[in-house]
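Notes follow once the structure below has been shown.
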Amino acid sequence: MLLDSNLDSVEVAEAAVLADAVDIGFEEEQLHQIGMAVREGMVNAVVHGNRYNSRKKVHLSVTKAPDRLTVVIADEGEGFDLNTLPNPLAEENLLRQSGRGLLLIQAFVDEFQVRRAQPGGTEVRMVKYLAKAS
Amino acid sequence: MSVKLTIRQVGSVTVIDAAGRITLGEGASQFRDAIRDLAAKGDKKILVNLSEVSYIDSSGIGEMVSSYTTVTNHGGQLKLLGLSKRVKDLLQITKLYTVFEVFDDEAAAIRSFT
C-alpha cells in the first residue's frame with residue numbers, strides 16, 4: 001500500500017493493519033499494542049522521514065500468517081543511524097518532548113528492526129506473534 | 001475524535017478534565033495550548049484528570065512532558081489523576097513515572113498541592 005505523507009495516512013494505516021490483525025485472531029490488548037506500534041511507525045515515516053513532503057510516499061506492507069502479523073513501514077526520507085539517537089530513558093533525556101516513538105514500538109511488538117530502505121529512506125519491520133504477550 | 005478539555009477550579013487547584021485522544025495533531029496541540037494558557041495567566045497548581053482519555057501516543061506523551069516543564073518553569077506544579085492501565089503502562093515504558101506525580105483519588109491529589 002502506498003500512502004501520502006500526511007497524518008490522515010496514519011489513521012488509514014492503523015485501520016488497515018488492525019483489520020488484518022483481527023482476522024488473525026489477536027485480542028483487544030494486543031490489537032491496542034499493534035495499533036500503537038503502527039501509529040508510531042507511520043508518524044515517524046510521515047513526520048521525520050518524509051517530512052510531510054507531498055512528493056514522497058510511505059510504503060506499508062502487511063503479511064498475515066496463522067501465528068503472526070508482520071508489518072513493514074518504509075519512508076523515502078534521508079534515513080538515520082539508530083545508534084546516534086538519544087536514549088529516551090537516560091536521565092538527561094526524560095524531559096525531552098520527542099524521541100519516544102521507537103521505544104514504544106519496541107515495547108509493543110515481539111520483533112523489531114530498523115534498516116536503510118532501498119533506494120533510500122528508512123524501513124521499520126515489526127512482527128507480533130499471536131501466542132506471545134509482550 | 002480528538003481531546004475535549006474542561007477546566008474547573010477546586011480551591012486553589014485548577015483541574016483539567018481531559019476526554020478522548022491525545023495524539024499527534026489536534027489533540028496534542030489542544031492540550032499544549034490549554035496548559036500554556038493556564039501557566040501564562042499564573043495558575044500554579046494544575047491537576048490533569050486523564051480518567052476519560054482512551055488513547056495517548058508518543059506525541060501526546062511529549063506534550064504532557066512539555067506541559068510539565070512549562071508549568072514547572074513558571075514556578076508551578078503539574079500532577080496527573082486517574083490514569084488508565086494503558087496510560088500507566090506508557091509512563092512505565094517511558095520511565096516518566098519518575099517525573100510525574102500520579103493519583104487515583106482526586107481529593108488526595110488536591111490535598112497534595114503545597
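By convention in this document, the chains of the C-alpha cells carry letters A, B, ... by their order, each chain's residues are numbered from 1, and ligands are numbered from 1 in the order they are shown.
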**Request:** Return as an MDAnalysis selection string the residues belonging to chain B that are within 8 Å of chain A, counting only C-alpha atoms.
**Result:** chainID B and resid 25 57:59 61:63 65:66 69 90 93:96 99
**Request:** Enumerate the residues of chain B with a DSSP assignment of strand (DSSP E), computed from the backbone, and present them as a PyMOL selection string.
**Result:** chain B and resi 3-10+13-22+45-56+77-81+102-103
Export, as a PDB file, in the first residue's frame, the selected residues with C-alpha atoms.
ATOM      1  CA  VAL B   3      -9.449  15.569  23.041  1.00  0.00           C
ATOM      2  CA  LYS B   4     -12.113  17.544  24.920  1.00  0.00           C
ATOM      3  CA  LEU B   5     -10.785  19.653  27.779  1.00  0.00           C
ATOM      4  CA  THR B   6     -12.936  21.017  30.591  1.00  0.00           C
ATOM      5  CA  ILE B   7     -11.345  23.319  33.134  1.00  0.00           C
ATOM      6  CA  ARG B   8     -12.687  23.719  36.670  1.00  0.00           C
ATOM      7  CA  GLN B   9     -11.410  25.165  39.920  1.00  0.00           C
ATOM      8  CA  VAL B  10     -11.230  23.212  43.179  1.00  0.00           C
ATOM      9  CA  VAL B  13      -6.144  23.938  42.214  1.00  0.00           C
ATOM     10  CA  THR B  14      -7.054  24.106  38.532  1.00  0.00           C
ATOM     11  CA  VAL B  15      -8.353  20.759  37.335  1.00  0.00           C
ATOM     12  CA  ILE B  16      -8.337  19.900  33.639  1.00  0.00           C
ATOM     13  CA  ASP B  17     -10.721  17.081  32.816  1.00  0.00           C
ATOM     14  CA  ALA B  18      -9.499  15.563  29.552  1.00  0.00           C
ATOM     15  CA  ALA B  19     -11.602  13.176  27.462  1.00  0.00           C
ATOM     16  CA  GLY B  20     -10.816  11.474  24.171  1.00  0.00           C
ATOM     17  CA  ARG B  21      -7.468  11.015  22.445  1.00  0.00           C
ATOM     18  CA  ILE B  22      -4.238  12.949  22.950  1.00  0.00           C
ATOM     19  CA  LYS B  45      -1.421  24.229  40.773  1.00  0.00           C
ATOM     20  CA  ILE B  46      -2.619  22.160  37.857  1.00  0.00           C
ATOM     21  CA  LEU B  47      -4.144  18.693  38.065  1.00  0.00           C
ATOM     22  CA  VAL B  48      -4.741  16.878  34.783  1.00  0.00           C
ATOM     23  CA  ASN B  49      -7.528  14.310  35.035  1.00  0.00           C
ATOM     24  CA  LEU B  50      -6.920  11.636  32.377  1.00  0.00           C
ATOM     25  CA  SER B  51      -9.614   9.200  33.518  1.00  0.00           C
ATOM     26  CA  GLU B  52     -11.647   9.703  30.320  1.00  0.00           C
ATOM     27  CA  VAL B  53      -8.645   9.622  27.986  1.00  0.00           C
ATOM     28  CA  SER B  54      -8.783   6.497  25.871  1.00  0.00           C
ATOM     29  CA  TYR B  55      -5.546   6.836  23.922  1.00  0.00           C
ATOM     30  CA  ILE B  56      -2.243   8.692  24.169  1.00  0.00           C
ATOM     31  CA  GLN B  77       3.206  22.076  39.857  1.00  0.00           C
ATOM     32  CA  LEU B  78       1.500  19.755  37.363  1.00  0.00           C
ATOM     33  CA  LYS B  79       0.182  16.399  38.561  1.00  0.00           C
ATOM     34  CA  LEU B  80      -1.810  13.598  36.942  1.00  0.00           C
ATOM     35  CA  LEU B  81      -5.051  11.948  38.061  1.00  0.00           C
ATOM     36  CA  VAL B 102       0.218  10.388  39.840  1.00  0.00           C
ATOM     37  CA  PHE B 103      -3.001   9.971  41.844  1.00  0.00           C
TER      38      PHE B 103
END
**Prompt:** Expressed in Å to a single decimal, how great is the separation between CA of Gly75 in chain B and CA of Phe100 in chain B?
**Reply:**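 A separation of 15.5 Å between them.
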**CA of Ala117 in chain A to CA of Ala45 in chain A, straight-line distance in Å** = 11.7 Å
**Asked** Using only C-alpha atoms, which of A:His48, A:Thr70, A:Ser61, A:Asn87 sits nearest Thr122 in chain A?
**Response**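 Nearest candidate to Thr122 in chain A out of A:His48, A:Thr70, A:Ser61, A:Asn87: A:His48.
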**Message:** Would you pick out the contacts of Gly60 in chain B at 8 Å or less, using only C-alpha atoms, so that residues sharing its chain but fewer than 4 positions from it are not included, and give the list as a list in words?
**Reply:** Ile22, Thr23, Leu24, Gly27, Ala28, Ile56 and Met64 of chain B
Restricting the output to N, CA and C atoms, write the selected residues as a tab-separated table (two decimals), in the first residue's frame.
chain	number	residue	atom	x	y	z
B	22	ILE	N	-5.30	11.94	23.01
B	22	ILE	CA	-4.24	12.95	22.95
B	22	ILE	C	-3.17	12.38	22.03
B	23	THR	N	-3.28	12.71	20.76
B	23	THR	CA	-2.38	12.16	19.75
B	23	THR	C	-1.87	13.28	18.85
B	24	LEU	N	-0.87	12.95	18.03
B	24	LEU	CA	-0.28	13.94	17.15
B	24	LEU	C	-1.37	14.66	16.34
B	27	GLY	N	-5.35	16.91	18.90
B	27	GLY	CA	-5.45	16.54	20.32
B	27	GLY	C	-4.27	17.03	21.13
B	28	ALA	N	-3.07	16.76	20.63
B	28	ALA	CA	-1.86	17.15	21.37
B	28	ALA	C	-1.72	18.67	21.42
B	56	ILE	N	-3.32	7.69	24.24
B	56	ILE	CA	-2.24	8.69	24.17
B	56	ILE	C	-1.11	8.07	23.36
B	64	MET	N	2.62	16.16	27.25
B	64	MET	CA	2.48	16.13	28.71
B	64	MET	C	3.79	16.51	29.38
**Message:** Between CA of Ala19 in chain A and CA of Ala65 in chain A, what distance in Å does the model show, to one decimal?
**Reply:**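 One can read the CA of Ala19 in chain A to CA of Ala65 in chain A distance as 13.7 Å.
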**Request:** Considering only C-alpha atoms, return as a list in words whatever protein or nucleic-acid residues lie within 12 Å of range 50-56 of chain A, sequence-local ones (same chain, fewer than 2 positions apart) excluded.
**Result:**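 These residues fall inside the cut-off: Leu2, Leu3, Asp4, Ser5, Asn6, Leu7, Asp8, Ser9, Val10, Met42, Val43, Asn44, Ala45, Val46, Val47, His48, Val58, His59, Ala74, Asp75, Glu76, Gly77, Glu78, Gly79, Gly120, Gly121 and Thr122 of chain A.
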Store the residues picked out above, limited to N, CA and C atoms, as a tab-separated table (two decimals), in the first residue's frame.
chain	number	residue	atom	x	y	z
A	2	LEU	N	0.58	2.17	-0.90
A	2	LEU	CA	1.34	3.43	-0.97
A	2	LEU	C	0.51	4.53	-0.34
A	3	LEU	N	1.10	5.24	0.59
A	3	LEU	CA	0.34	6.24	1.34
A	3	LEU	C	0.99	7.61	1.22
A	4	ASP	N	0.15	8.65	1.22
A	4	ASP	CA	0.67	10.01	1.18
A	4	ASP	C	1.33	10.37	2.51
A	5	SER	N	2.17	11.40	2.45
A	5	SER	CA	2.90	11.81	3.65
A	5	SER	C	2.09	12.84	4.45
A	6	ASN	N	0.98	12.37	5.00
A	6	ASN	CA	0.19	13.25	5.86
A	6	ASN	C	-0.41	12.43	7.02
A	7	LEU	N	-1.02	13.15	7.96
A	7	LEU	CA	-1.49	12.47	9.17
A	7	LEU	C	-2.71	11.60	8.90
A	8	ASP	N	-3.46	11.89	7.84
A	8	ASP	CA	-4.58	11.00	7.50
A	8	ASP	C	-4.08	9.59	7.22
A	9	SER	N	-2.89	9.50	6.63
A	9	SER	CA	-2.32	8.19	6.30
A	9	SER	C	-2.05	7.36	7.56
A	10	VAL	N	-1.78	8.05	8.66
A	10	VAL	CA	-1.54	7.33	9.92
A	10	VAL	C	-2.80	6.57	10.31
A	42	MET	N	4.23	4.94	11.56
A	42	MET	CA	3.72	5.82	10.49
A	42	MET	C	4.06	7.29	10.78
A	43	VAL	N	3.91	7.69	12.03
A	43	VAL	CA	4.24	9.09	12.38
A	43	VAL	C	5.72	9.35	12.10
A	44	ASN	N	6.56	8.41	12.47
A	44	ASN	CA	7.99	8.58	12.18
A	44	ASN	C	8.23	8.74	10.68
A	45	ALA	N	7.55	7.90	9.89
A	45	ALA	CA	7.76	7.93	8.44
A	45	ALA	C	7.26	9.24	7.83
A	46	VAL	N	6.08	9.68	8.26
A	46	VAL	CA	5.47	10.89	7.69
A	46	VAL	C	6.19	12.15	8.18
A	47	VAL	N	6.43	12.21	9.49
A	47	VAL	CA	6.93	13.45	10.09
A	47	VAL	C	8.46	13.54	9.99
A	48	HIS	N	9.15	12.51	10.44
A	48	HIS	CA	10.62	12.58	10.50
A	48	HIS	C	11.27	12.08	9.20
A	58	VAL	N	4.78	6.84	1.73
A	58	VAL	CA	5.09	5.85	2.76
A	58	VAL	C	4.61	4.50	2.23
A	59	HIS	N	5.49	3.51	2.31
A	59	HIS	CA	5.19	2.17	1.79
A	59	HIS	C	4.80	1.28	2.98
A	74	ALA	N	7.99	1.79	5.31
A	74	ALA	CA	9.22	2.39	4.76
A	74	ALA	C	8.91	3.80	4.26
A	75	ASP	N	9.83	4.72	4.53
A	75	ASP	CA	9.67	6.08	4.01
A	75	ASP	C	10.70	6.35	2.92
A	76	GLU	N	10.63	7.52	2.35
A	76	GLU	CA	11.56	7.92	1.29
A	76	GLU	C	12.41	9.09	1.76
A	77	GLY	N	12.68	9.15	3.05
A	77	GLY	CA	13.45	10.24	3.61
A	77	GLY	C	14.95	10.02	3.50
A	78	GLU	N	15.68	10.76	4.31
A	78	GLU	CA	17.14	10.71	4.23
A	78	GLU	C	17.73	9.58	5.07
A	79	GLY	N	16.91	8.94	5.89
A	79	GLY	CA	17.42	7.87	6.74
A	79	GLY	C	18.12	8.40	7.97
A	120	GLY	N	16.39	4.55	-0.84
A	120	GLY	CA	16.74	5.48	0.23
A	120	GLY	C	15.63	5.48	1.28
A	121	GLY	N	15.91	6.12	2.40
A	121	GLY	CA	14.91	6.19	3.44
A	121	GLY	C	15.13	5.15	4.53
A	122	THR	N	14.10	4.95	5.32
A	122	THR	CA	14.19	4.05	6.47
A	122	THR	C	13.05	3.04	6.40
**Request:** List the neighbours of Val72 in chain A out to 10 Å using only C-alpha atoms; skip same-chain residues closer than 3 positions along the sequence, and give me the result as a ChimeraX atom specification.
**Result:** /A:38,41,59-63,112-114,123-127
Can you spit out the residues from that selection as a PDB file, in the first residue's frame, using C-alpha atoms?
ATOM      1  CA  VAL A  38       1.830   1.058  13.609  1.00  0.00           C
ATOM      2  CA  GLY A  41       5.948   3.838  12.847  1.00  0.00           C
ATOM      3  CA  HIS A  59       5.191   2.174   1.794  1.00  0.00           C
ATOM      4  CA  LEU A  60       3.102  -0.096   4.013  1.00  0.00           C
ATOM      5  CA  SER A  61       3.272  -3.859   3.739  1.00  0.00           C
ATOM      6  CA  VAL A  62       1.273  -6.278   5.892  1.00  0.00           C
ATOM      7  CA  THR A  63       1.823 -10.031   5.856  1.00  0.00           C
ATOM      8  CA  PHE A 112      11.555  -5.002  15.628  1.00  0.00           C
ATOM      9  CA  GLN A 113      14.165  -3.996  13.064  1.00  0.00           C
ATOM     10  CA  VAL A 114      15.190  -0.679  11.544  1.00  0.00           C
ATOM     11  CA  GLU A 123      12.380   0.743   6.775  1.00  0.00           C
ATOM     12  CA  VAL A 124      10.848  -0.400  10.042  1.00  0.00           C
ATOM     13  CA  ARG A 125       9.838  -4.045  10.290  1.00  0.00           C
ATOM     14  CA  MET A 126       7.735  -5.272  13.175  1.00  0.00           C
ATOM     15  CA  VAL A 127       6.340  -8.706  13.998  1.00  0.00           C
TER      16      VAL A 127
END
